[in-house]
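This is final.cif (mmCIF, C-alpha atoms).
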```
data_model
loop_
_atom_site.label_atom_id
_atom_site.label_comp_id
_atom_site.auth_asym_id
_atom_site.auth_seq_id
_atom_site.Cartn_x
_atom_site.Cartn_y
_atom_site.Cartn_z
CA MET Z 1408 0.01 15.42 15.37
CA GLU Z 1409 -1.54 11.99 15.52
CA ILE Z 1410 -5.16 11.59 14.50
CA LEU Z 1411 -6.92 8.91 16.50
CA THR Z 1412 -9.68 6.98 14.79
CA SER Z 1413 -11.75 4.13 16.14
CA LYS Z 1414 -11.35 0.67 14.62
CA ALA Z 1415 -14.99 0.83 13.53
CA SER Z 1416 -14.27 3.76 11.18
CA ARG Z 1417 -11.62 1.81 9.20
CA ARG Z 1418 -12.90 0.39 5.94
CA CYS Z 1419 -10.64 -2.65 6.20
CA THR Z 1420 -7.47 -4.12 7.65
CA ARG Z 1421 -4.18 -2.51 6.71
CA LEU Z 1422 -1.14 -4.73 6.28
CA ARG Z 1423 2.39 -3.62 7.12
CA VAL Z 1424 4.63 -4.67 4.22
CA GLU Z 1425 7.72 -3.67 2.28
CA ILE Z 1426 6.88 -3.51 -1.42
CA PRO Z 1427 9.24 -1.55 -3.70
CA LEU Z 1428 7.50 0.35 -6.51
CA THR Z 1429 7.88 3.35 -8.78
CA VAL Z 1430 5.68 6.41 -8.30
CA THR Z 1431 5.20 8.82 -11.21
CA SER Z 1432 3.24 12.07 -11.00
CA LEU Z 1433 0.61 12.41 -13.72
CA ASP Z 1434 0.44 16.19 -13.16
CA ARG Z 1435 2.92 18.11 -15.33
CA ARG Z 1436 3.04 20.90 -12.73
CA HIS Z 1437 4.55 18.50 -10.16
CA THR Z 1438 7.38 16.54 -11.75
CA PHE Z 1439 8.01 13.41 -9.73
CA VAL Z 1440 9.37 9.97 -10.58
CA ALA Z 1441 10.85 8.05 -7.67
CA GLU Z 1442 11.55 4.60 -6.33
CA CYS Z 1443 9.41 4.31 -3.20
CA VAL Z 1444 8.43 1.60 -0.72
CA ALA Z 1445 4.85 0.78 0.22
CA ILE Z 1446 4.92 0.21 3.98
CA VAL Z 1447 1.19 -0.02 4.71
CA VAL Z 1448 -1.37 -1.33 2.20
CA SER Z 1449 -5.10 -1.93 1.88
CA PRO Z 1450 -7.44 -2.34 -1.11
CA GLN Z 1451 -8.18 1.41 -0.91
CA GLY Z 1452 -4.58 2.64 -0.99
CA ALA Z 1453 -1.22 2.68 0.74
CA GLY Z 1454 1.31 4.56 2.79
CA LEU Z 1455 4.49 5.07 0.78
CA GLN Z 1456 7.94 6.06 1.98
CA ALA Z 1457 9.23 8.58 -0.59
CA PRO Z 1458 12.30 10.79 -1.07
CA GLN Z 1459 10.31 13.98 -1.69
CA ALA Z 1460 6.89 15.47 -1.00
CA LEU Z 1461 3.93 15.64 -3.37
CA PRO Z 1462 0.94 17.99 -3.09
CA ILE Z 1463 -2.37 16.54 -1.95
CA GLU Z 1464 -4.72 15.55 -4.83
CA THR Z 1465 -1.82 14.97 -7.25
CA PRO Z 1466 -2.70 12.05 -9.55
CA VAL Z 1467 0.02 9.37 -9.60
CA LEU Z 1468 0.82 6.12 -11.36
CA LEU Z 1469 2.09 3.25 -9.20
CA SER Z 1470 4.15 0.88 -11.34
CA GLY Z 1471 6.35 -2.12 -10.71
CA LEU Z 1472 3.67 -3.65 -8.51
CA PRO Z 1473 3.75 -7.40 -7.74
CA GLY Z 1474 3.15 -9.32 -10.92
CA GLY Z 1475 4.35 -6.36 -13.01
CA GLY Z 1476 1.08 -4.44 -12.75
CA SER Z 1477 0.34 -0.76 -12.29
CA ALA Z 1478 -2.46 1.28 -10.73
CA SER Z 1479 -3.55 4.91 -10.70
CA ALA Z 1480 -4.14 6.79 -7.48
CA ARG Z 1481 -4.20 10.27 -5.97
CA VAL Z 1482 -2.16 11.70 -3.12
CA ALA Z 1483 -4.39 11.84 -0.03
CA SER Z 1484 -1.76 12.97 2.50
CA CYS Z 1485 1.92 13.82 2.72
CA LEU Z 1486 3.91 14.10 5.95
CA PRO Z 1487 7.65 14.51 6.58
CA LEU Z 1488 9.36 11.61 8.35
CA GLY Z 1489 11.78 13.08 10.88
CA ALA Z 1490 13.00 16.63 11.38
CA ASP Z 1491 15.42 16.60 8.43
CA ALA Z 1492 12.59 16.27 5.83
CA LYS Z 1493 14.65 13.89 3.70
CA ARG Z 1494 11.89 11.27 3.57
CA PHE Z 1495 8.13 11.57 3.42
CA LEU Z 1496 5.12 9.38 4.13
CA ILE Z 1497 2.77 9.79 1.19
CA GLY Z 1498 -0.74 8.39 1.57
CA VAL Z 1499 -2.27 7.39 -1.75
CA SER Z 1500 -5.89 6.50 -2.48
CA LEU Z 1501 -6.47 4.11 -5.38
CA TYR Z 1502 -9.02 5.28 -7.96
CA ASN Z 1503 -10.20 1.66 -8.32
CA PRO Z 1504 -9.92 -0.21 -5.00
CA ALA Z 1505 -8.36 -3.65 -5.49
CA ASN Z 1506 -5.69 -6.00 -4.23
CA VAL Z 1507 -3.01 -4.51 -6.51
CA TRP Z 1508 -0.41 -5.50 -3.90
CA GLY Z 1509 -0.52 -9.19 -4.81
CA VAL Z 1510 -1.50 -10.39 -1.33
CA VAL Z 1511 -2.35 -14.06 -1.92
CA GLU Z 1512 -4.55 -14.55 1.14
CA PRO Z 1513 -5.89 -11.08 2.00
CA PRO Z 1514 -7.80 -10.47 5.23
CA ALA Z 1515 -11.48 -11.40 5.04
CA ASP Z 1516 -12.57 -7.76 5.36
CA TRP Z 1517 -10.82 -6.80 2.10
CA ASN Z 1518 -13.90 -8.18 0.26
CA ILE Z 1519 -11.91 -8.92 -2.87
CA LEU Z 1520 -12.20 -12.01 -5.01
CA SER Z 1521 -9.01 -13.99 -4.73
CA GLU Z 1522 -7.32 -14.96 -7.96
CA ALA Z 1523 -5.43 -17.82 -6.32
CA PRO Z 1524 -4.26 -20.56 -8.65
CA ALA Z 1525 -6.45 -23.69 -8.82
CA SER Z 1526 -3.71 -25.74 -7.13
CA ALA Z 1527 -4.04 -23.55 -4.02
CA ALA Z 1528 -7.57 -24.90 -3.49
CA SER Z 1529 -6.19 -28.35 -2.76
CA PRO Z 1530 -5.34 -28.90 0.92
CA SER Z 1531 -2.22 -30.84 -0.11
CA ALA Z 1532 -0.95 -27.98 -2.33
CA ALA Z 1533 1.96 -25.84 -1.20
CA LYS Z 1534 1.12 -22.66 0.69
CA PRO Z 1535 0.70 -19.78 -1.84
CA GLU Z 1536 2.39 -17.27 0.51
CA ALA Z 1537 5.74 -18.67 -0.61
CA ALA Z 1538 5.17 -17.17 -4.07
CA TRP Z 1539 4.57 -13.68 -2.67
CA PRO Z 1540 8.08 -12.20 -2.34
CA TYR Z 1541 7.30 -9.29 -0.01
CA ASN Z 1542 7.74 -9.11 3.73
CA VAL Z 1543 4.46 -8.90 5.66
CA PHE Z 1544 5.02 -7.52 9.13
CA SER Z 1545 1.53 -8.01 10.53
CA GLY Z 1546 -1.63 -9.88 9.67
CA HIS Z 1547 -3.70 -7.66 11.95
CA THR Z 1548 -4.93 -4.09 11.76
CA GLU Z 1549 -2.34 -1.36 11.42
CA THR Z 1550 -0.16 -0.67 14.44
CA HIS Z 1551 0.92 2.78 15.53
CA PRO Z 1552 4.37 3.06 17.14
CA GLY Z 1553 3.27 6.04 19.28
CA ARG Z 1554 0.29 4.23 20.83
CA LYS Z 1555 0.62 2.01 23.87
#
```

What is this file in structure tokens?
Amino acid sequence: MEILTSKASRRCTRLRVEIPLTVTSLDRRHTFVAECVAIVVSPQGAGLQAPQALPIETPVLLSGLPGGGSASARVASCLPLGADAKRFLIGVSLYNPANVWGVVEPPADWNILSEAPASAASPSAAKPEAAWPYNVFSGHTETHPGRK
């Protein structure tokens, strides 16, 4: 079932990306450590492609983020991808909203202070996107394959 929301209800733009990371459950009742891929990100959280499901509200640690960082989050949603239930889309909500994804020039509505290097301020400096090694699919709001 697809839940339709108006653009006005979104807190900010979501970027489609491919960022590999490790997800570890912080709840001993739900053992989970897996290599996952963030496919949609925002300062509030992400949509992760994962090999198994996690219960909603499970606290998790996201590690191996760009720049070697980590962040804590909670599972906000979990849906199977496909009928075989071999992959899942796990929605995580960051406890401390931030640009943990390393996006050098985030959309204006992310309202996050950029930590771009001083050389990036110079118009003659090289574009900082070249240093960000992850594939960005879209610079606009999230797209939904089922919508026309």

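Taking atom CA of Ala1478 of chain Z and atom CA of Asp1434 of chain Z as the two end points, the separation is 15.4 Å.
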
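Going from atom CA of Tyr1502 of chain Z over to atom CA of Leu1468 of chain Z, you cover 10.4 Å.
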
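Picked out by the PyMOL selection byres ((chain Z and resi 1433) around 7) when it runs on this file: Thr1431, Ser1432, Asp1434, Arg1435, Pro1466, Val1467 and Leu1468 of chain Z.
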
Got a sec to resolve the PyMOL selection byres ((chain Z and resi 1451) around 6) on this structure and send the residues as an mmCIF file with C-alpha atoms, in the frame of the given file?
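Listing of selection_6.cif after writing:
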```cif
data_model
loop_
_atom_site.group_PDB
_atom_site.id
_atom_site.type_symbol
_atom_site.label_atom_id
_atom_site.label_comp_id
_atom_site.auth_asym_id
_atom_site.auth_seq_id
_atom_site.Cartn_x
_atom_site.Cartn_y
_atom_site.Cartn_z
ATOM 1 C CA SER Z 1449 -5.100 -1.930 1.880
ATOM 2 C CA PRO Z 1450 -7.440 -2.340 -1.110
ATOM 3 C CA GLY Z 1452 -4.580 2.640 -0.990
ATOM 4 C CA SER Z 1500 -5.890 6.500 -2.480
ATOM 5 C CA LEU Z 1501 -6.470 4.110 -5.380
ATOM 6 C CA PRO Z 1504 -9.920 -0.210 -5.000
#
```

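Take the candidates Z:Leu1496, Z:Ala1490, Z:Val1510, Z:Cys1485 and check each one against Ala1457 of chain Z using only C-alpha atoms; the shortest distance goes to Z:Leu1496.
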
Subject >> Coordinates-based distance that separates atom CA of Val1444 of chain Z from atom CA of Gly1498 of chain Z (Å, one decimal) >> reply: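 Separation of atom CA of Gly1498 of chain Z and atom CA of Val1444 of chain Z: 11.6 Å.
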
**OP:** To verify the selection step, state as a PyMOL selection string which residues the PyMOL selection byres ((chain Z and resi 1426) around 6) yields on this input.
**Re:** chain Z and resi 1425+1427+1444-1445+1541

**OP:** Could you check which of Z:Ile1497, Z:Cys1419, Z:Ala1505, Z:Leu1428 is closest to Leu1455 of chain Z, using all atoms listed in the file?
**Re:**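 Using all atoms listed in the file, Leu1455 of chain Z sits closest to Z:Ile1497.
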
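With distances taken over all atoms listed in the file, Z:Thr1465 is the one residue among Z:Ser1470, Z:Thr1465, Z:Ala1460, Z:Arg1421 lying closest to Arg1436 of chain Z.
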